[in-house]
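K.L.:
Just so it is clear, I am handing over upload_25.txt, which has compact mmCIF, C-alpha atoms.
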# COMPACT_ATOMS: atom_id res chain seq x y z
CA MET O 8 -12.63 -37.41 -17.54
CA LEU O 9 -9.20 -35.75 -17.71
CA ASN O 10 -10.86 -32.32 -17.79
CA LYS O 11 -12.68 -33.04 -14.49
CA LEU O 12 -9.45 -34.30 -12.94
CA VAL O 13 -7.61 -31.10 -13.92
CA LEU O 14 -10.52 -28.99 -12.62
CA ARG O 15 -10.47 -30.78 -9.26
CA ALA O 16 -6.69 -30.44 -9.02
CA LEU O 17 -6.86 -26.68 -9.66
CA PHE O 18 -9.60 -26.30 -7.07
CA SER O 19 -7.59 -28.28 -4.50
CA VAL O 20 -4.46 -26.23 -5.15
CA SER O 21 -6.40 -22.96 -4.80
CA LEU O 22 -7.83 -24.08 -1.47
CA ALA O 23 -4.40 -25.17 -0.27
CA PHE O 24 -2.89 -21.78 -1.14
CA SER O 25 -5.66 -19.98 0.70
CA PHE O 26 -4.69 -21.63 4.00
CA VAL O 27 -0.89 -21.71 3.76
CA GLY O 28 1.36 -19.08 5.34
CA VAL O 29 -0.25 -15.81 4.33
CA THR O 30 -3.75 -16.11 5.71
CA ASN O 31 -3.47 -12.68 7.39
CA ALA O 32 -1.77 -10.97 4.46
CA ALA O 33 -3.69 -8.14 2.89
CA LEU O 34 -3.27 -4.96 0.92
CA ILE O 35 -4.31 -1.79 2.75
CA THR O 36 -5.05 1.28 0.63
CA GLN O 37 -5.78 4.74 1.99
CA ASP O 38 -5.99 8.26 0.60
CA ILE O 39 -3.81 11.03 2.00
CA ILE O 40 -6.15 13.97 2.51
CA SER O 41 -5.62 17.67 3.21
CA ASP O 42 -8.45 19.76 4.63
CA THR O 43 -7.45 22.63 2.35
CA LYS O 44 -6.53 20.73 -0.87
CA GLY O 45 -8.60 17.50 -0.71
CA VAL O 46 -7.00 14.20 -1.73
CA ILE O 47 -3.29 14.84 -2.30
CA GLY O 48 -2.09 11.25 -2.61
CA SER O 49 -2.62 7.60 -1.79
CA ILE O 50 -0.70 4.76 -0.19
CA THR O 51 -1.02 0.97 -0.56
CA ILE O 52 0.98 -1.34 1.69
CA ASN O 53 1.24 -5.12 1.82
CA THR O 54 0.89 -6.38 5.37
CA TRP O 55 3.15 -9.33 4.69
CA PRO O 56 5.98 -9.43 5.60
CA ALA O 57 5.83 -7.03 8.53
CA GLU O 58 7.83 -6.57 11.72
CA ASP O 59 6.17 -6.76 15.12
CA ALA O 60 6.10 -3.33 16.78
CA GLY O 61 4.41 -4.50 20.00
CA ASP O 62 0.92 -3.88 21.38
CA GLY O 63 -0.70 -5.56 18.34
CA LEU O 64 0.97 -3.15 15.91
CA SER O 65 3.25 -4.02 12.99
CA ASN O 66 5.57 -2.02 10.74
CA VAL O 67 6.32 -2.31 7.03
CA PHE O 68 9.22 -0.53 5.38
CA VAL O 69 8.15 -0.71 1.71
CA TRP O 70 4.99 0.07 -0.20
CA GLU O 71 3.10 -1.39 -3.12
CA GLU O 72 1.93 1.97 -4.50
CA PHE O 73 2.56 5.47 -3.17
CA SER O 74 1.75 8.79 -4.84
CA ILE O 75 1.84 12.43 -3.76
CA TRP O 76 0.36 15.20 -5.95
CA GLY O 77 0.18 12.79 -8.88
CA TRP O 78 3.84 11.71 -8.63
CA ASP O 79 4.36 7.96 -8.27
CA MET O 80 7.06 7.42 -5.68
CA GLN O 81 9.78 4.90 -6.47
CA ALA O 82 10.80 2.52 -3.68
CA PRO O 83 14.27 3.17 -2.21
CA ALA O 84 17.05 0.73 -3.07
CA ILE O 85 17.46 -0.14 0.62
CA ALA O 86 14.25 -0.33 2.63
CA ASP O 87 14.65 0.95 6.17
CA GLY O 88 12.70 2.87 8.78
CA PHE O 89 14.68 6.05 8.10
CA GLN O 90 13.16 6.55 4.64
CA PHE O 91 9.69 5.02 5.04
CA PHE O 92 7.59 3.13 7.51
CA ALA O 93 3.91 2.50 7.98
CA THR O 94 2.42 1.17 11.21
CA PHE O 95 -0.83 -0.80 11.16
CA ASP O 96 -2.94 -2.71 13.69
CA SER O 97 -2.25 -6.37 12.91
CA THR O 98 -5.28 -7.47 14.96
CA ASP O 99 -7.69 -5.24 12.99
CA LEU O 100 -6.57 -4.57 9.43
CA THR O 101 -9.75 -2.58 8.71
CA ALA O 102 -8.44 0.09 11.09
CA GLY O 103 -5.88 0.85 8.36
CA ILE O 104 -2.54 2.56 8.68
CA GLN O 105 -2.05 4.12 12.11
CA ASP O 106 1.09 6.12 11.29
CA LEU O 107 2.93 6.86 8.07
CA TYR O 108 6.39 8.41 7.89
CA PHE O 109 8.44 9.11 4.77
CA ASP O 110 11.55 11.06 3.79
CA LEU O 111 12.21 10.30 0.13
CA ASP O 112 14.16 11.79 -2.76
CA ASP O 113 12.91 11.70 -6.33
CA ASP O 114 16.30 11.27 -8.05
CA TYR O 115 15.04 9.89 -11.36
CA ALA O 116 13.12 13.02 -12.43
CA ALA O 117 14.50 15.82 -14.57
CA TYR O 118 13.87 18.15 -11.64
CA PRO O 119 14.50 16.17 -8.45
CA TYR O 120 12.35 16.84 -5.43
CA ALA O 121 12.50 15.76 -1.81
CA TYR O 122 9.30 14.51 -0.17
CA SER O 123 8.82 14.24 3.56
CA GLY O 124 5.85 13.74 5.79
CA SER O 125 4.28 12.24 8.84
CA VAL O 126 0.61 11.37 8.73
CA GLY O 127 -1.61 9.85 11.42
CA ASP O 128 -5.01 8.20 11.27
CA ILE O 129 -7.66 10.79 12.14
CA PHE O 130 -10.46 8.20 12.23
CA ASN O 131 -8.86 6.24 15.07
CA SER O 132 -6.59 8.60 16.96
CA GLY O 133 -7.54 12.09 15.81
CA ALA O 134 -3.91 12.56 14.72
CA THR O 135 -2.97 14.81 11.85
CA GLY O 136 0.33 15.47 10.18
CA TYR O 137 2.22 17.27 7.48
CA VAL O 138 3.56 16.71 3.98
CA ASN O 139 6.35 18.79 2.45
CA VAL O 140 7.81 18.80 -1.03
CA PHE O 141 11.14 20.56 -1.51
CA ASP O 142 13.06 21.33 -4.65
CA ASP O 143 16.57 19.86 -4.29
CA ASN O 144 17.92 23.26 -5.31
CA PRO O 145 19.00 24.76 -1.94
CA SER O 146 17.95 28.27 -2.95
CA ALA O 147 14.39 27.19 -3.81
CA PRO O 148 11.60 27.49 -1.26
CA VAL O 149 9.22 24.72 -0.21
CA LEU O 150 7.01 23.87 -3.18
CA GLU O 151 4.12 22.52 -1.13
CA GLY O 152 3.73 22.30 2.61
CA PHE O 153 0.84 21.38 4.83
CA TYR O 154 0.96 21.41 8.58
CA THR O 155 -1.66 19.97 10.93
CA ASP O 156 -4.29 19.43 8.22
CA VAL O 157 -3.14 16.19 6.55
CA TYR O 158 -4.62 12.83 7.54
CA LEU O 159 -5.31 9.34 6.22
CA GLY O 160 -8.73 8.51 4.79
CA LYS O 161 -10.77 5.37 5.40
CA ALA O 162 -8.94 2.11 4.76
CA THR O 163 -9.77 -0.34 1.98
CA VAL O 164 -8.50 -3.83 2.77
CA VAL O 165 -8.15 -6.57 0.13
CA PRO O 166 -7.20 -9.97 1.56
CA THR O 167 -4.60 -11.52 -0.73
CA PRO O 168 -5.65 -15.17 -0.17
CA ALA O 169 -9.19 -14.34 -1.28
CA THR O 170 -7.78 -12.70 -4.39
CA LEU O 171 -5.71 -15.81 -5.13
CA VAL O 172 -8.72 -18.11 -4.68
CA LEU O 173 -10.81 -15.88 -6.94
CA PHE O 174 -8.10 -15.86 -9.61
CA LEU O 175 -7.62 -19.63 -9.51
CA THR O 176 -11.37 -20.22 -9.55
CA ALA O 177 -11.63 -18.09 -12.69
CA ILE O 178 -8.85 -20.10 -14.32
CA ALA O 179 -10.59 -23.33 -13.35
CA GLY O 180 -13.84 -22.05 -14.85
CA LEU O 181 -12.11 -21.18 -18.09
CA ALA O 182 -10.41 -24.58 -18.18
CA SER O 183 -13.70 -26.39 -17.68
CA ARG O 184 -15.47 -24.55 -20.47
CA ARG O 185 -16.25 -26.84 -23.34
CA LYS O 186 -15.98 -25.91 -26.95
CA LYS O 187 -19.37 -26.09 -28.63
CA SER O 188 -19.48 -27.56 -32.14
Kindly present the structure from the file in structure tokens form.
P.N.:
Amino acid sequence: MLNKLVLRALFSVSLAFSFVGVTNAALITQDIISDTKGVIGSITINTWPAEDAGDGLSNVFVWEEFSIWGWDMQAPAIADGFQFFATFDSTDLTAGIQDLYFDLDDDYAAYPYAYSGSVGDIFNSGATGYVNVFDDNPSAPVLEGFYTDVYLGKATVVPTPATLVLFLTAIAGLASRRKKS
């Protein structure tokens, strides 16, 4: 009897969480692709919280995961639009990231690098962009640079409430399992 009560409570809580506050929140993941080099990185953003940019677009100033040429980028201590921003269509998350801008320093590495880029969504706007990686040594040349052949790949969208419901349902299933003697 108590087991069924706990199971129903978990199910009710999972349903409540799926409808509270973050119903439009999602993770958007896209590859960063170069025509000449193939996939050179990937970006994952969380659409919540975001700032309204007008015309159905929203901006985020932090990322969940971001890598370029195999280097995982660390989030800046202060998130602002001068170091990173990604614009997405808040009315159609499947359209993915419309614009991505970054100007980051990799200060924690033995050999610090500076990463900068601006990438558009070729599937929706035909836009392309560039990605540069500089050695912080002023006498060193650009390590990698791509101009006009870098774009964002197709978007993968994972709704976070659905993930939460799935997780809580799995926990409820495990809780309801009976020990066989």
K.L.:
Could you jot down the CA of Leu181 (chain O) to CA of Asn53 (chain O) separation for me, Å, one decimal place?
P.N.:
28.9 Å
K.L.:
May I ask which of the residues O:Thr54, O:Ser49, O:Asn139, O:Gln105 is the closest one to Pro166 (chain O), counting all atoms listed in the file?
P.N.:
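The closest residue to Pro166 (chain O) is O:Thr54.
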K.L.:
When you count all atoms listed in the file, which of these residues is closest to Val126 (chain O): O:Val157, O:Ala179, O:Phe89, O:Asp99?
P.N.:
O:Val157
K.L.:
Provide the CA of Tyr158 (chain O) to CA of Ile47 (chain O) distance in Å, to one decimal place.
P.N.:
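Separation between CA of Tyr158 (chain O) and CA of Ile47 (chain O): 10.1 Å.
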K.L.:
Would you be able to write out as a list in words which residues have an atom within 6 Å of (1.3, 12.1, -0.6) in the file's coordinates, counting all atoms listed in the file?
P.N.:
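The distance filter leaves exactly Ile39, Ile47, Gly48, Ser74 and Ile75 of chain O.
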K.L.:
Do you have the CA of Ile35 (chain O)-CA of Asp112 (chain O) distance handy?
P.N.:
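Atom-to-atom, CA of Ile35 (chain O) and CA of Asp112 (chain O) are spaced 23.6 Å apart.
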K.L.:
For Glu71 (chain O), which of O:Ile104, O:Val138, O:Ile178, O:Ile50 is the closest residue, counting all atoms listed in the file?
P.N.:
O:Ile50
K.L.:
Which polymer residues have any atom within 10 Å of an atom of Pro56 (chain O), counting all atoms listed in the file, with same-chain residues fewer than 5 positions away left out, as a ChimeraX atom specification?
P.N.:
/O:29,32,65-69
K.L.:
Counting only C-alpha atoms, which residue out of O:Asp96, O:Asp156, O:Asp110, O:Asp38 sits closest to Asp59 (chain O)?
P.N.:
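Between O:Asp96, O:Asp156, O:Asp110, O:Asp38, the residue approaching Asp59 (chain O) most closely is O:Asp96.
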K.L.:
Set the distance at 6 Å and use all atoms listed in the file: which residues neighbour Leu111 (chain O) once local chain neighbours fewer than 5 positions away are removed? I'd like the list as number ranges by chain.
P.N.:
O: 90, 121-122
